[in-house]
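In what follows, a single structure is set out as structure tokens and then discussed.
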Amino acid sequence: MQPIPAPWYRILLSRGEYEAGESDLVRAVFQETFIARNGPAGAALFGGWAEDGKSFLLYFTPSARACARALFQAYCAEPCGPPAMLSVNWMAGDQGRVSGQGFEF
């Protein structure tokens, strides 16, 4: 039996929240925590617009949990599967291979 992979997590921001700078705030807090924890391998934040263009989605890799727990609580993050990598852009954290997912960016 293979172990169940750890989930990604997602924060959904409205267009108004995005325009007010919430995604920049999340990115800054995540990046500061990432650095303070000596840059855990594979811990990264990605972001992109939902297909309907009404919501901005922030995705955290499974390795990002240690750096983002406070953000998950503050923004009611939900567990999810990995995003389609063509629909998101890297925002902060590890710029290398995302551990266990096979994504290169």
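Following the order of the structure tokens, chains are lettered A, B, ..., residues in each are numbered from 1, and ligands are numbered from 1.
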
Would you list, as a PyMOL selection string, the residues of chain A that end up in alpha helix (DSSP H) under DSSP run on this structure's backbone?
chain A and resi 15-19+22-36+65-74

Just the selected residues (N, CA and C atoms), exported as a short mmCIF file (atom, residue, chain, number, x, y, z; two decimals), in the first residue's frame, please.
```cif
data_model
loop_
_atom_site.label_atom_id
_atom_site.label_comp_id
_atom_site.auth_asym_id
_atom_site.auth_seq_id
_atom_site.Cartn_x
_atom_site.Cartn_y
_atom_site.Cartn_z
N ARG A 15 -11.91 39.30 -5.81
CA ARG A 15 -11.22 40.32 -6.62
C ARG A 15 -10.94 41.56 -5.76
N GLY A 16 -11.88 41.93 -4.90
CA GLY A 16 -11.69 43.07 -4.02
C GLY A 16 -10.54 42.86 -3.04
N GLU A 17 -10.46 41.68 -2.47
CA GLU A 17 -9.35 41.37 -1.56
C GLU A 17 -8.02 41.41 -2.32
N TYR A 18 -8.02 40.86 -3.52
CA TYR A 18 -6.80 40.88 -4.34
C TYR A 18 -6.39 42.33 -4.63
N GLU A 19 -7.34 43.15 -5.05
CA GLU A 19 -7.05 44.54 -5.39
C GLU A 19 -6.63 45.35 -4.17
N GLU A 22 -4.24 41.84 -0.57
CA GLU A 22 -4.16 40.66 0.30
C GLU A 22 -3.18 39.61 -0.22
N SER A 23 -3.10 39.44 -1.54
CA SER A 23 -2.15 38.43 -2.06
C SER A 23 -0.71 38.84 -1.77
N ASP A 24 -0.44 40.13 -1.81
CA ASP A 24 0.91 40.61 -1.49
C ASP A 24 1.23 40.40 -0.02
N LEU A 25 0.23 40.60 0.84
CA LEU A 25 0.40 40.38 2.27
C LEU A 25 0.69 38.90 2.54
N VAL A 26 -0.10 38.01 1.95
CA VAL A 26 0.11 36.57 2.13
C VAL A 26 1.50 36.19 1.64
N ARG A 27 1.88 36.69 0.47
CA ARG A 27 3.21 36.38 -0.08
C ARG A 27 4.32 36.84 0.87
N ALA A 28 4.21 38.04 1.39
CA ALA A 28 5.24 38.59 2.28
C ALA A 28 5.36 37.77 3.57
N VAL A 29 4.22 37.44 4.17
CA VAL A 29 4.25 36.66 5.41
C VAL A 29 4.82 35.28 5.14
N PHE A 30 4.40 34.64 4.06
CA PHE A 30 4.92 33.32 3.73
C PHE A 30 6.42 33.37 3.49
N GLN A 31 6.88 34.35 2.72
CA GLN A 31 8.31 34.45 2.39
C GLN A 31 9.14 34.68 3.66
N GLU A 32 8.68 35.52 4.55
CA GLU A 32 9.41 35.76 5.80
C GLU A 32 9.50 34.49 6.64
N THR A 33 8.41 33.75 6.73
CA THR A 33 8.41 32.50 7.50
C THR A 33 9.27 31.45 6.81
N PHE A 34 9.22 31.39 5.50
CA PHE A 34 10.05 30.46 4.72
C PHE A 34 11.53 30.71 5.02
N ILE A 35 11.94 31.96 5.01
CA ILE A 35 13.33 32.31 5.29
C ILE A 35 13.68 31.98 6.74
N ALA A 36 12.80 32.31 7.67
CA ALA A 36 13.05 32.04 9.09
C ALA A 36 13.21 30.55 9.37
N ARG A 65 3.30 23.62 4.62
CA ARG A 65 2.46 23.64 5.84
C ARG A 65 3.18 24.26 7.03
N ALA A 66 4.44 23.90 7.23
CA ALA A 66 5.17 24.41 8.39
C ALA A 66 5.37 25.92 8.33
N CYS A 67 5.37 26.47 7.13
CA CYS A 67 5.59 27.91 6.96
C CYS A 67 4.28 28.70 6.88
N ALA A 68 3.17 28.01 6.80
CA ALA A 68 1.93 28.73 6.48
C ALA A 68 0.77 28.44 7.44
N ARG A 69 1.02 27.78 8.54
CA ARG A 69 -0.09 27.43 9.44
C ARG A 69 -0.91 28.64 9.88
N ALA A 70 -0.24 29.72 10.23
CA ALA A 70 -0.97 30.93 10.66
C ALA A 70 -1.80 31.50 9.52
N LEU A 71 -1.26 31.47 8.31
CA LEU A 71 -2.00 31.95 7.14
C LEU A 71 -3.21 31.05 6.88
N PHE A 72 -3.02 29.73 7.03
CA PHE A 72 -4.13 28.80 6.81
C PHE A 72 -5.28 29.11 7.76
N GLN A 73 -4.96 29.41 9.02
CA GLN A 73 -6.01 29.73 9.99
C GLN A 73 -6.65 31.08 9.69
N ALA A 74 -5.82 32.07 9.40
CA ALA A 74 -6.34 33.43 9.18
C ALA A 74 -7.23 33.51 7.94
#
```

task = Write out as a ChimeraX atom specification which residues come within 6 Å of A:Gly48 when counting only C-alpha atoms, dropping same-chain ones fewer than 3 positions away.
result = /A:56-57,88

TODO: May I have the residues within 10 Å of stretch 78-84 of chain A as a list in words, using only C-alpha atoms and disregarding those fewer than 2 positions away in the same chain?
DONE: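 Here the answer would be Pro5, Ala6, Pro7, Trp8, Tyr9, Arg10, Ile11, Leu12, Phe46, Gly47, Gly48, Leu57, Leu58, Tyr59, Phe60, Thr61, Pro62, Phe72, Gln73, Tyr75, Cys76, Leu86, Ser87, Val88, Gln101 and Phe103 of chain A.
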
Of A:Ser14, A:Ala20, A:Ala92, A:Ala41, the one nearest to A:Ser63 when counting only C-alpha atoms is A:Ala41

Correct to one decimal, the distance atom CA of A:Ala64-atom CA of A:Gly39 is 9.6 Å

Would you please extract all strand (DSSP E) residues from stretch 4-77 of chain A, as assigned by DSSP on the backbone, and give them as a VMD selection string?
chain A and resid 8 to 14 44 to 49 55 to 60

Original post:
Just how far from atom CA of A:Gly42 is atom CA of A:Trp90, in Å to one decimal?
Top reply: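 Between atom CA of A:Trp90 and atom CA of A:Gly42 the gap works out to 11.9 Å.
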
Notebook entry, point to check: Rounded to one decimal in Å, what is the spacing between atom CA of A:Ile4 and atom CA of A:Ala43?
Noted result: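 Value for the atom CA of A:Ile4-atom CA of A:Ala43 distance: 18.3 Å.
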